[in-house]
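Here's my_file_1.csv, which has CSV, C-alpha atoms and all ligand atoms:
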```
chain,number,residue,atom,x,y,z
A,1,MET,CA,18.9,22.9,2.3
A,2,PHE,CA,17.1,20.0,0.6
A,3,SER,CA,19.5,17.0,0.6
A,4,HIS,CA,18.7,13.9,-1.3
A,5,GLN,CA,21.0,11.9,-3.5
A,6,PRO,CA,19.1,10.5,-6.4
A,7,VAL,CA,19.2,6.7,-6.4
A,8,LEU,CA,19.9,4.6,-9.6
A,9,LEU,CA,20.0,7.9,-11.5
A,10,HIS,CA,21.9,6.8,-14.6
A,11,GLU,CA,20.0,3.5,-14.7
A,12,ALA,CA,16.6,5.2,-14.5
A,13,VAL,CA,17.3,7.8,-17.1
A,14,GLU,CA,18.7,5.2,-19.5
A,15,ALA,CA,15.7,3.0,-18.9
A,16,LEU,CA,13.4,5.8,-20.0
A,17,HIS,CA,14.9,5.8,-23.5
A,18,ILE,CA,14.3,9.5,-23.6
A,19,ARG,CA,13.0,11.1,-26.8
A,20,GLU,CA,14.3,14.6,-27.0
A,21,ASN,CA,10.8,16.0,-27.9
A,22,GLY,CA,8.9,13.7,-25.6
A,23,ILE,CA,6.6,14.4,-22.7
A,24,TYR,CA,7.7,12.9,-19.4
A,25,VAL,CA,6.2,12.7,-15.9
A,26,ASP,CA,8.3,12.4,-12.8
A,27,GLY,CA,5.7,11.4,-10.2
A,28,THR,CA,8.1,11.8,-7.3
A,29,ALA,CA,10.1,14.9,-7.8
A,30,GLY,CA,11.7,15.1,-4.3
A,31,GLY,CA,14.7,17.3,-4.6
A,32,GLY,CA,14.5,17.2,-8.5
A,33,GLY,CA,17.6,15.0,-9.1
A,34,HIS,CA,16.0,12.6,-11.5
A,35,SER,CA,13.8,15.4,-13.0
A,36,GLU,CA,16.9,17.5,-13.8
A,37,ALA,CA,18.6,14.6,-15.5
A,38,ILE,CA,15.5,13.9,-17.6
A,39,VAL,CA,15.0,17.6,-18.6
A,40,LYS,CA,18.6,17.9,-19.6
A,41,ARG,CA,18.0,15.4,-22.3
A,42,LEU,CA,15.0,17.3,-23.7
A,43,THR,CA,15.4,19.8,-26.5
A,44,GLY,CA,11.7,20.3,-27.0
A,45,GLY,CA,9.1,18.3,-25.1
A,46,ARG,CA,8.0,18.7,-21.5
A,47,LEU,CA,8.7,17.4,-18.1
A,48,ILE,CA,5.9,17.4,-15.5
A,49,ALA,CA,7.2,16.8,-12.0
A,50,LEU,CA,4.8,16.0,-9.2
A,51,ASP,CA,5.2,15.7,-5.5
A,52,GLN,CA,2.7,15.6,-2.6
A,53,ASP,CA,5.1,17.3,-0.2
A,54,PRO,CA,5.1,21.1,-0.3
A,55,ASP,CA,8.8,21.2,0.8
A,56,ALA,CA,9.8,19.0,-2.1
A,57,VAL,CA,7.7,21.1,-4.6
A,58,LYS,CA,9.6,24.2,-3.4
A,59,ALA,CA,13.0,22.5,-3.7
A,60,ALA,CA,12.3,20.9,-7.1
A,61,ALA,CA,10.8,24.1,-8.5
A,62,GLU,CA,14.0,26.0,-7.5
A,63,ARG,CA,16.2,23.3,-9.1
A,64,LEU,CA,14.2,23.1,-12.3
A,65,ALA,CA,13.7,26.9,-12.7
A,66,PRO,CA,16.4,27.2,-15.4
A,67,TYR,CA,14.6,24.7,-17.6
A,68,SER,CA,11.7,26.1,-19.6
A,69,GLN,CA,10.4,22.6,-20.4
A,70,ALA,CA,9.9,21.7,-16.7
A,71,GLN,CA,6.8,22.3,-14.6
A,72,VAL,CA,6.5,21.3,-11.0
A,73,ILE,CA,3.0,20.6,-9.6
A,74,HIS,CA,1.9,19.9,-6.0
A,75,SER,CA,-0.1,16.7,-6.2
A,76,ASN,CA,-0.3,13.1,-5.3
A,77,PHE,CA,0.8,11.0,-8.3
A,78,ARG,CA,-2.4,9.0,-8.1
A,79,ARG,CA,-4.0,12.0,-9.8
A,80,ILE,CA,-1.8,11.8,-12.8
A,81,GLY,CA,-4.8,11.3,-15.2
A,82,SER,CA,-6.6,14.5,-14.1
A,83,ILE,CA,-3.4,16.5,-13.9
A,84,LEU,CA,-2.6,15.6,-17.6
A,85,ASP,CA,-6.2,16.4,-18.5
A,86,SER,CA,-5.9,19.8,-16.9
A,87,LEU,CA,-2.7,20.5,-18.8
A,88,GLY,CA,-4.3,19.4,-22.1
A,89,ILE,CA,-1.8,16.5,-22.4
A,90,GLU,CA,-3.2,13.4,-24.0
A,91,ARG,CA,-0.1,11.2,-24.5
A,92,ILE,CA,3.1,10.8,-22.5
A,93,ASP,CA,6.4,9.2,-23.5
A,94,GLY,CA,7.4,8.1,-20.0
A,95,LEU,CA,6.7,8.0,-16.3
A,96,LEU,CA,9.2,7.6,-13.5
A,97,LEU,CA,8.3,6.8,-9.9
A,98,ASP,CA,11.0,6.8,-7.3
A,99,LEU,CA,8.9,5.6,-4.4
A,100,GLY,CA,8.9,6.2,-0.7
A,101,VAL,CA,10.4,9.0,1.4
A,102,SER,CA,13.3,11.3,0.5
A,103,SER,CA,16.4,11.6,2.7
A,104,HIS,CA,15.2,15.1,3.3
A,105,GLN,CA,12.0,13.9,4.8
A,106,LEU,CA,13.7,11.2,6.9
A,107,ASP,CA,16.4,13.5,8.1
A,108,THR,CA,14.0,16.3,9.2
A,109,PRO,CA,13.2,15.3,12.7
A,110,GLN,CA,10.0,17.4,12.9
A,111,ARG,CA,8.4,15.3,10.1
A,112,GLY,CA,8.3,12.4,12.5
A,113,PHE,CA,9.5,9.7,10.1
A,114,SER,CA,12.6,8.6,12.1
A,115,TYR,CA,12.7,6.7,15.4
A,116,GLN,CA,16.2,8.1,15.9
A,117,ALA,CA,15.2,11.7,16.8
A,118,ASP,CA,12.5,12.8,19.2
A,119,ALA,CA,9.7,14.6,17.4
A,120,PRO,CA,5.9,14.6,17.1
A,121,LEU,CA,4.6,11.3,15.5
A,122,ASP,CA,3.5,12.8,12.2
A,123,MET,CA,4.8,11.0,9.0
A,124,ARG,CA,2.5,12.8,6.6
A,125,MET,CA,4.3,13.5,3.3
A,126,SER,CA,1.5,15.8,2.2
A,127,ARG,CA,1.1,17.5,5.7
A,128,GLU,CA,-2.6,16.9,5.3
A,129,GLY,CA,-5.0,14.3,6.9
A,130,ALA,CA,-4.5,12.0,9.8
A,131,THR,CA,-1.0,11.7,11.5
A,132,ALA,CA,0.7,8.6,12.7
A,133,ALA,CA,-0.2,9.7,16.3
A,134,ASP,CA,-3.9,9.8,15.2
A,135,LEU,CA,-3.7,6.2,14.1
A,136,VAL,CA,-1.7,4.9,17.0
A,137,ASN,CA,-4.1,6.5,19.5
A,138,ALA,CA,-7.4,5.7,17.7
A,139,LEU,CA,-7.1,2.2,16.1
A,140,THR,CA,-8.3,-0.9,18.0
A,141,VAL,CA,-5.7,-3.4,19.1
A,142,GLU,CA,-6.7,-5.7,16.2
A,143,GLU,CA,-6.4,-2.9,13.7
A,144,LEU,CA,-3.0,-1.9,15.0
A,145,SER,CA,-1.8,-5.5,15.0
A,146,SER,CA,-3.0,-6.2,11.4
A,147,LEU,CA,-1.5,-2.9,10.2
A,148,PHE,CA,2.0,-3.8,11.7
A,149,PHE,CA,1.7,-7.3,10.2
A,150,ARG,CA,0.5,-6.3,6.7
A,151,TYR,CA,2.6,-3.2,6.2
A,152,GLY,CA,5.6,-4.0,8.4
A,153,GLU,CA,5.7,-7.8,8.1
A,154,GLU,CA,6.2,-7.6,11.8
A,155,LYS,CA,6.3,-11.0,13.6
A,156,PHE,CA,5.5,-9.4,17.0
A,157,SER,CA,2.6,-7.3,15.8
A,158,ARG,CA,0.1,-8.5,18.4
A,159,LYS,CA,2.5,-8.0,21.3
A,160,ILE,CA,3.4,-4.5,20.1
A,161,ALA,CA,-0.2,-3.5,19.5
A,162,ALA,CA,-1.2,-4.7,23.0
A,163,ALA,CA,1.7,-2.8,24.5
A,164,ILE,CA,0.6,0.4,22.7
A,165,VAL,CA,-3.0,0.1,23.9
A,166,ARG,CA,-1.8,-0.5,27.5
A,167,GLU,CA,0.4,2.6,27.4
A,168,ARG,CA,-2.0,4.9,25.7
A,169,GLU,CA,-4.6,4.2,28.5
A,170,LYS,CA,-2.1,6.0,30.8
A,171,ALA,CA,-1.2,8.8,28.3
A,172,PRO,CA,-1.5,9.3,24.6
A,173,VAL,CA,1.4,8.2,22.4
A,174,LEU,CA,2.5,11.5,20.8
A,175,THR,CA,6.2,11.2,19.9
A,176,THR,CA,8.5,9.1,17.9
A,177,VAL,CA,10.8,8.2,20.8
A,178,GLN,CA,7.7,7.3,23.0
A,179,LEU,CA,6.5,4.8,20.3
A,180,ALA,CA,10.0,3.4,19.7
A,181,GLN,CA,10.4,2.8,23.4
A,182,ILE,CA,7.1,1.0,23.6
A,183,VAL,CA,8.1,-1.2,20.7
A,184,CYS,CA,11.5,-2.0,22.2
A,185,GLY,CA,9.8,-3.0,25.5
A,186,ALA,CA,7.3,-5.3,23.7
A,187,VAL,CA,9.7,-7.5,21.5
A,188,PRO,CA,11.9,-10.2,22.9
A,189,PHE,CA,15.6,-9.2,23.3
A,190,ALA,CA,16.7,-11.7,20.7
A,191,ALA,CA,14.6,-9.9,18.0
A,192,ARG,CA,17.1,-7.0,18.1
A,193,ARG,CA,19.4,-8.8,15.9
A,194,ASP,CA,17.3,-7.8,12.8
A,195,GLY,CA,18.1,-4.1,13.1
A,196,HIS,CA,16.2,-1.6,15.3
A,197,PRO,CA,13.0,-3.2,16.6
A,198,ALA,CA,10.9,-0.2,15.7
A,199,ARG,CA,11.9,-0.1,12.1
A,200,ARG,CA,9.1,-2.3,10.8
A,201,VAL,CA,6.5,-0.6,12.9
A,202,PHE,CA,7.6,2.8,11.6
A,203,GLN,CA,7.5,1.5,8.0
A,204,ALA,CA,4.0,0.2,8.6
A,205,LEU,CA,2.7,3.4,10.0
A,206,ARG,CA,4.3,5.5,7.2
A,207,ILE,CA,2.6,3.3,4.6
A,208,ALA,CA,-0.8,3.6,6.3
A,209,VAL,CA,-0.6,7.3,6.9
A,210,ASN,CA,0.3,8.0,3.3
A,211,GLY,CA,-1.8,5.3,1.7
A,212,GLU,CA,1.5,4.4,-0.1
A,213,LEU,CA,0.6,1.0,-1.5
A,214,ASP,CA,-2.9,1.8,-2.9
A,215,VAL,CA,-1.7,4.7,-5.1
A,216,ILE,CA,1.0,2.7,-7.0
A,217,PRO,CA,-1.3,0.5,-9.2
A,218,GLN,CA,-3.6,3.5,-9.7
A,219,ALA,CA,-0.8,5.6,-11.1
A,220,ILE,CA,0.7,2.9,-13.2
A,221,GLU,CA,-2.6,2.0,-14.8
A,222,ALA,CA,-3.5,5.6,-15.5
A,223,ALA,CA,0.0,6.3,-17.0
A,224,PHE,CA,0.0,3.2,-19.1
A,225,GLU,CA,-3.3,4.2,-20.7
A,226,ARG,CA,-1.7,7.5,-21.8
A,227,LEU,CA,1.6,6.0,-22.8
A,228,THR,CA,2.7,6.2,-26.5
A,229,VAL,CA,4.0,3.0,-28.2
A,230,GLY,CA,7.7,2.8,-27.3
A,231,GLY,CA,7.0,4.8,-24.1
A,232,VAL,CA,8.4,3.6,-20.8
A,233,ILE,CA,7.2,3.2,-17.2
A,234,ALA,CA,10.2,3.0,-14.8
A,235,VAL,CA,9.7,2.4,-11.1
A,236,ILE,CA,12.2,2.4,-8.2
A,237,THR,CA,11.1,0.6,-5.1
A,238,PHE,CA,12.7,0.4,-1.6
A,239,HIS,CA,11.0,-2.5,0.2
A,240,SER,CA,9.5,-5.9,-0.7
A,241,LEU,CA,5.9,-4.8,-0.3
A,242,GLU,CA,6.0,-2.1,-2.9
A,243,ASP,CA,8.3,-4.1,-5.1
A,244,ARG,CA,5.9,-7.1,-5.2
A,245,ILE,CA,3.0,-4.8,-6.3
A,246,VAL,CA,5.1,-3.2,-9.1
A,247,LYS,CA,6.6,-6.5,-10.2
A,248,GLN,CA,3.2,-8.1,-10.5
A,249,GLN,CA,1.5,-5.2,-12.3
A,250,LEU,CA,4.3,-4.8,-14.8
A,251,ALA,CA,4.5,-8.5,-15.4
A,252,ALA,CA,0.8,-8.7,-16.1
A,253,LEU,CA,1.1,-6.0,-18.8
A,254,CYS,CA,3.9,-7.9,-20.4
A,255,ARG,CA,2.2,-11.3,-20.2
A,256,GLY,CA,-1.1,-10.7,-21.8
A,257,CYS,CA,-2.7,-14.1,-21.7
A,258,GLU,CA,-4.5,-14.8,-18.4
A,259,CYS,CA,-5.4,-18.4,-19.1
A,260,PRO,CA,-4.6,-21.0,-16.4
A,261,PRO,CA,-1.2,-22.6,-17.1
A,262,ASP,CA,-2.7,-26.0,-17.7
A,263,PHE,CA,-4.9,-24.8,-20.6
A,264,PRO,CA,-3.5,-26.4,-23.8
A,265,VAL,CA,-4.3,-23.3,-25.9
A,266,CYS,CA,-5.1,-19.7,-25.1
A,267,VAL,CA,-8.8,-18.9,-24.9
A,268,CYS,CA,-8.7,-15.4,-23.4
A,269,GLY,CA,-7.1,-13.9,-26.5
A,270,LYS,CA,-5.3,-11.2,-24.5
A,271,THR,CA,-2.0,-10.2,-26.0
A,272,PRO,CA,1.0,-8.6,-24.3
A,273,ARG,CA,0.8,-4.8,-24.1
A,274,ALA,CA,4.4,-4.2,-23.1
A,275,ARG,CA,7.8,-5.8,-23.0
A,276,THR,CA,10.1,-5.8,-20.0
A,277,LEU,CA,13.3,-3.8,-20.1
A,278,THR,CA,14.6,-5.3,-16.9
A,279,ARG,CA,14.3,-9.1,-16.8
A,280,LYS,CA,15.9,-8.8,-13.4
A,281,PRO,CA,15.4,-5.6,-11.4
A,282,LEU,CA,18.4,-3.3,-11.6
A,283,GLU,CA,20.2,-2.6,-8.3
A,284,ALA,CA,22.8,-0.1,-7.1
A,285,SER,CA,26.4,-0.7,-8.2
A,286,ARG,CA,29.1,-1.1,-5.6
A,287,GLN,CA,30.3,2.4,-6.2
A,288,GLU,CA,26.8,3.8,-5.6
A,289,LEU,CA,26.4,1.7,-2.4
A,290,GLU,CA,29.6,3.1,-1.0
A,291,ARG,CA,28.5,6.6,-1.8
A,292,ASN,CA,24.9,6.3,-0.7
A,293,PRO,CA,24.0,3.5,1.7
A,294,ARG,CA,20.3,4.3,1.2
A,295,SER,CA,20.5,2.8,-2.3
A,296,ARG,CA,21.0,-0.6,-0.6
A,297,SER,CA,17.4,-1.8,-1.0
A,298,ALA,CA,16.6,0.0,-4.3
A,299,LYS,CA,15.2,-2.0,-7.2
A,300,LEU,CA,14.5,-0.5,-10.7
A,301,ARG,CA,11.9,-2.2,-12.9
A,302,ALA,CA,10.9,-0.8,-16.3
A,303,ILE,CA,8.6,-1.8,-19.2
A,304,GLN,CA,8.1,-0.4,-22.7
A,305,LYS,CA,4.7,-0.2,-24.4
A,306,ILE,CA,4.4,-2.2,-27.6
A,307,GLU,CA,2.0,-2.0,-30.5
A,308,GLN,CA,-1.0,-4.3,-30.2
A,309,LYS,CA,-2.0,-6.4,-33.2
A,310,GLY,CA,-5.5,-8.0,-33.5
A,311,ASP,CA,-4.1,-11.4,-34.4
A,312,GLY,CA,-2.4,-12.1,-31.2
A,313,SER,CA,1.1,-11.4,-32.4
A,314,HIS,CA,2.9,-8.2,-31.4
A,315,ALA,CA,5.7,-6.0,-32.7
A,316,LEU,CA,7.8,-3.1,-31.4
A,317,PHE,CA,6.8,0.3,-32.7
B,1,LIG,C1,12.6,8.9,-2.9
B,1,LIG,S1,12.0,10.6,-3.0
B,1,LIG,C2,12.3,11.1,-4.7
B,1,LIG,C3,13.6,11.7,-4.9
B,1,LIG,C4,13.8,12.3,-6.3
B,1,LIG,N1,13.7,11.3,-7.3
B,1,LIG,C5,15.1,13.1,-6.4
B,1,LIG,O1,15.9,12.8,-7.3
B,1,LIG,O2,15.3,13.9,-5.5
B,1,LIG,C6,10.3,10.3,-3.0
B,1,LIG,C7,9.5,11.6,-3.1
B,1,LIG,O3,8.2,11.2,-3.6
B,1,LIG,C8,7.2,11.9,-2.9
B,1,LIG,N2,6.0,11.0,-3.0
B,1,LIG,C9,5.9,9.8,-2.4
B,1,LIG,N3,4.7,9.3,-2.7
B,1,LIG,C10,4.0,10.2,-3.4
B,1,LIG,C11,2.8,10.3,-4.1
B,1,LIG,N4,1.9,9.3,-3.9
B,1,LIG,N5,2.5,11.3,-4.8
B,1,LIG,C12,3.4,12.4,-5.0
B,1,LIG,N6,4.6,12.4,-4.4
B,1,LIG,C13,4.9,11.3,-3.6
B,1,LIG,C14,7.7,12.1,-1.6
B,1,LIG,O4,7.1,13.3,-1.0
B,1,LIG,C15,9.2,12.3,-1.8
B,1,LIG,O5,9.5,13.7,-2.0
B,2,ZN,ZN,-5.1,-16.7,-22.7
```

Write-out of the structure in structure tokens:
Amino acid sequence: MFSHQPVLLHEAVEALHIRENGIYVDGTAGGGGHSEAIVKRLTGGRLIALDQDPDAVKAAAERLAPYSQAQVIHSNFRRIGSILDSLGIERIDGLLLDLGVSSHQLDTPQRGFSYQADAPLDMRMSREGATAADLVNALTVEELSSLFFRYGEEKFSRKIAAAIVREREKAPVLTTVQLAQIVCGAVPFAARRDGHPARRVFQALRIAVNGELDVIPQAIEAAFERLTVGGVIAVITFHSLEDRIVKQQLAALCRGCECPPDFPVCVCGKTPRARTLTRKPLEASRQELERNPRSRSAKLRAIQKIEQKGDGSHALF
């Protein structure tokens, strides 16, 4: 059974301003919750749902089987441009990204995402390429420390990296619990107040194993080029690193002008290409938080493409 409760479902589907004959891409199909809500609003049109995890593709394909407009494709969403080319689709009306891992991935111990269950240290959403264990056993102490600092914002990154290198000289670090214990032993007792001491290290490894941060701007840029005027890009993030990337990229599309703030007049001539639909990011309601604690850190941001005029002014549609 694939269990994942879609987060900010109503908010995300509303933000997309769905046109009943439009073409939509769900870049993170997961269990197909958002995809199903989108496709239900289509009378004609199409929904292309992507996921890099073969388990998710299977689950989403089953859920979306009753809808002739839906098509599920096994792919990383960074390849959105070439996927659309291969389908002969030039323009899309919307993209949804619901980033990160699904509850299904987190709750399946063998996938190695969780420090709460003992399993091989894997963490690959796609089940291809280097595992978390490969990184933990091969990177230098400096590389590990910088990875934990950059992707986990971990204060004790150096201490943890040094402890890992010491331990792996005795025996390779191959399981989730082995790693969690090394981390616990390396951080001061007082640091345990901020949740489980291994949380940030596991987040950092997951981001590195799956190249999670690099693919976000690639996908947004490719999708924006294909977006029709009035089309929407909506993104749900779950931690500050990915949210910062999304916030800055969407803001840049809405800002246009790139002149330094102290310039008296604009000399770059760049005009806004989109308008924001979420001046403040949308967050889960109290009811949703009660129902699904994993919605706690979710933030939804959305922009809508606007028509570009040569004279520096802009209008909607
Ligand atoms: C939070 S879940 C999405 C849940 C989904 N919206 C639903 O309603 O069930 C994130 C999903 O995105 C997938 N994913 C994450 N990064 C991806 C990427 N770069 N390309 C394709 N799929 C990705 C994961 O495998 C996971 O299944
Ligand atoms: Zn300017």

Hey, what's within 7 Å of region 250-258 of chain A if we count all atoms listed in the file and toss same-chain stuff fewer than 5 positions away? As a PyMOL selection string, please?
chain A and resi 266+268-276+303

How would the residues just picked look written out with C-alpha atoms as a compact mmCIF listing (two decimals), in the frame of the given file?
```txt
# COMPACT_ATOMS: atom_id res chain seq x y z
CA CYS A 266 -5.10 -19.70 -25.10
CA CYS A 268 -8.70 -15.40 -23.40
CA GLY A 269 -7.10 -13.90 -26.50
CA LYS A 270 -5.30 -11.20 -24.50
CA THR A 271 -2.00 -10.20 -26.00
CA PRO A 272 1.00 -8.60 -24.30
CA ARG A 273 0.80 -4.80 -24.10
CA ALA A 274 4.40 -4.20 -23.10
CA ARG A 275 7.80 -5.80 -23.00
CA THR A 276 10.10 -5.80 -20.00
CA ILE A 303 8.60 -1.80 -19.20
```

Per residue of chain A within 9 Å of ligand LIG 1 (chain B), note the shortest atom pair and the distance in Å to one decimal, counting all atoms listed in the file, and order the rows by chain and increasing residue number, as CSV.
```
residue,atom,partner,partner_atom,distance
A:Phe2,CA,B:LIG1,O2,8.8
A:Ser3,CA,B:LIG1,O2,8.0
A:His4,CA,B:LIG1,O2,5.4
A:Gln5,CA,B:LIG1,O2,6.4
A:Pro6,CA,B:LIG1,O1,4.0
A:Val7,CA,B:LIG1,O1,7.0
A:Leu9,CA,B:LIG1,O1,7.6
A:Asp26,CA,B:LIG1,N1,7.8
A:Gly27,CA,B:LIG1,C12,5.8
A:Thr28,CA,B:LIG1,O3,3.7
A:Ala29,CA,B:LIG1,C4,4.8
A:Gly30,CA,B:LIG1,O5,3.5
A:Gly31,CA,B:LIG1,O2,3.6
A:Gly32,CA,B:LIG1,O2,4.5
A:Gly33,CA,B:LIG1,O1,3.3
A:His34,CA,B:LIG1,O1,4.2
A:Ser35,CA,B:LIG1,O1,6.6
A:Glu36,CA,B:LIG1,O1,8.1
A:Ala37,CA,B:LIG1,O1,8.8
A:Leu50,CA,B:LIG1,C12,5.7
A:Asp51,CA,B:LIG1,N6,3.5
A:Gln52,CA,B:LIG1,C12,4.1
A:Asp53,CA,B:LIG1,O4,4.5
A:Pro54,CA,B:LIG1,O4,8.1
A:Asp55,CA,B:LIG1,O5,8.0
A:Ala56,CA,B:LIG1,O5,5.3
A:Val57,CA,B:LIG1,O5,8.0
A:Ala60,CA,B:LIG1,O2,7.8
A:His74,CA,B:LIG1,C12,7.7
A:Ser75,CA,B:LIG1,C12,5.7
A:Asn76,CA,B:LIG1,N5,3.4
A:Phe77,CA,B:LIG1,N5,3.9
A:Arg78,CA,B:LIG1,N4,6.0
A:Arg79,CA,B:LIG1,N5,8.2
A:Leu96,CA,B:LIG1,N1,8.5
A:Leu97,CA,B:LIG1,N1,7.5
A:Asp98,CA,B:LIG1,C1,5.1
A:Leu99,CA,B:LIG1,C6,5.1
A:Gly100,CA,B:LIG1,C6,4.9
A:Val101,CA,B:LIG1,C6,4.6
A:Ser102,CA,B:LIG1,S1,3.8
A:Ser103,CA,B:LIG1,S1,7.3
A:His104,CA,B:LIG1,O5,7.9
A:Gln105,CA,B:LIG1,O5,7.2
A:Arg124,CA,B:LIG1,O4,8.9
A:Met125,CA,B:LIG1,O4,5.1
A:Ser126,CA,B:LIG1,O4,6.9
A:Asn210,CA,B:LIG1,N4,7.5
A:Gly211,CA,B:LIG1,N4,7.8
A:Glu212,CA,B:LIG1,N4,6.2
A:Leu213,CA,B:LIG1,N4,8.7
A:Asp214,CA,B:LIG1,N4,9.0
A:Val215,CA,B:LIG1,N4,6.0
A:Ile216,CA,B:LIG1,N4,7.3
A:Ala219,CA,B:LIG1,N4,8.5
A:Ile236,CA,B:LIG1,C1,8.4
A:Thr237,CA,B:LIG1,C1,8.7
A:Phe238,CA,B:LIG1,C1,8.6
```

Point out the residue among A:Cys259, A:Leu289, A:Leu121, A:Ile233 with the least atom-to-atom distance to ligand ZN 2 (chain B), counting all atoms listed in the file.
A:Cys259

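Note that CA of Ala284 (chain A) and CA of Ala191 (chain A) are 28.2 Å apart.
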
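Within 9 Å of the point (10.8, -1.6, 15.1) in file coordinates, and counting all atoms listed in the file, lie the residues A:Tyr115, A:Gly152, A:Glu154, A:Ala180, A:Val183, A:Cys184, A:Val187, A:Arg192, A:Gly195, A:His196, A:Pro197, A:Ala198, A:Arg199, A:Arg200, A:Val201, A:Phe202, A:Gln203.
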
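One finds CA of Gly230 (chain A) at 8.1 Å from CA of Glu307 (chain A).
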
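Residue nearest ligand ZN 2 (chain B) within the list A:Ile245, A:Val265, A:Ala138, A:Leu87: A:Val265 [criterion: smallest interatomic distance, all atoms listed in the file].
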
Just give me the gap between CA of Leu300 (chain A) and CA of Arg63 (chain A) in Å, one decimal is fine.
23.9 Å

Can you pull out the residues contacting Lys280 (chain A)? Cut-off 9 Å, using only C-alpha atoms, and skip same-chain residues under 2 positions away; I want them as an MDAnalysis selection string.
chainID A and resid 277:278 282 300:301

Please return, as JSON, numbers by chain, all polymer residues that have at least one atom within 6 Å of the point (4.2, 1.7, -23.3); use all atoms listed in the file and the file's own coordinate frame.
{"A": [227, 228, 229, 230, 231, 232, 274, 304, 305, 306]}

Given the choices A:Lys299, A:Gly45, A:Phe263, A:Met1, which gets closest to ligand ZN 2 (chain B) if the distance is worked out from only C-alpha atoms and all ligand atoms?
A:Phe263

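With distances taken over all atoms listed in the file, A:Pro264 is the one residue among A:Pro120, A:Pro109, A:Pro293, A:Pro264 lying closest to ligand ZN 2 (chain B).
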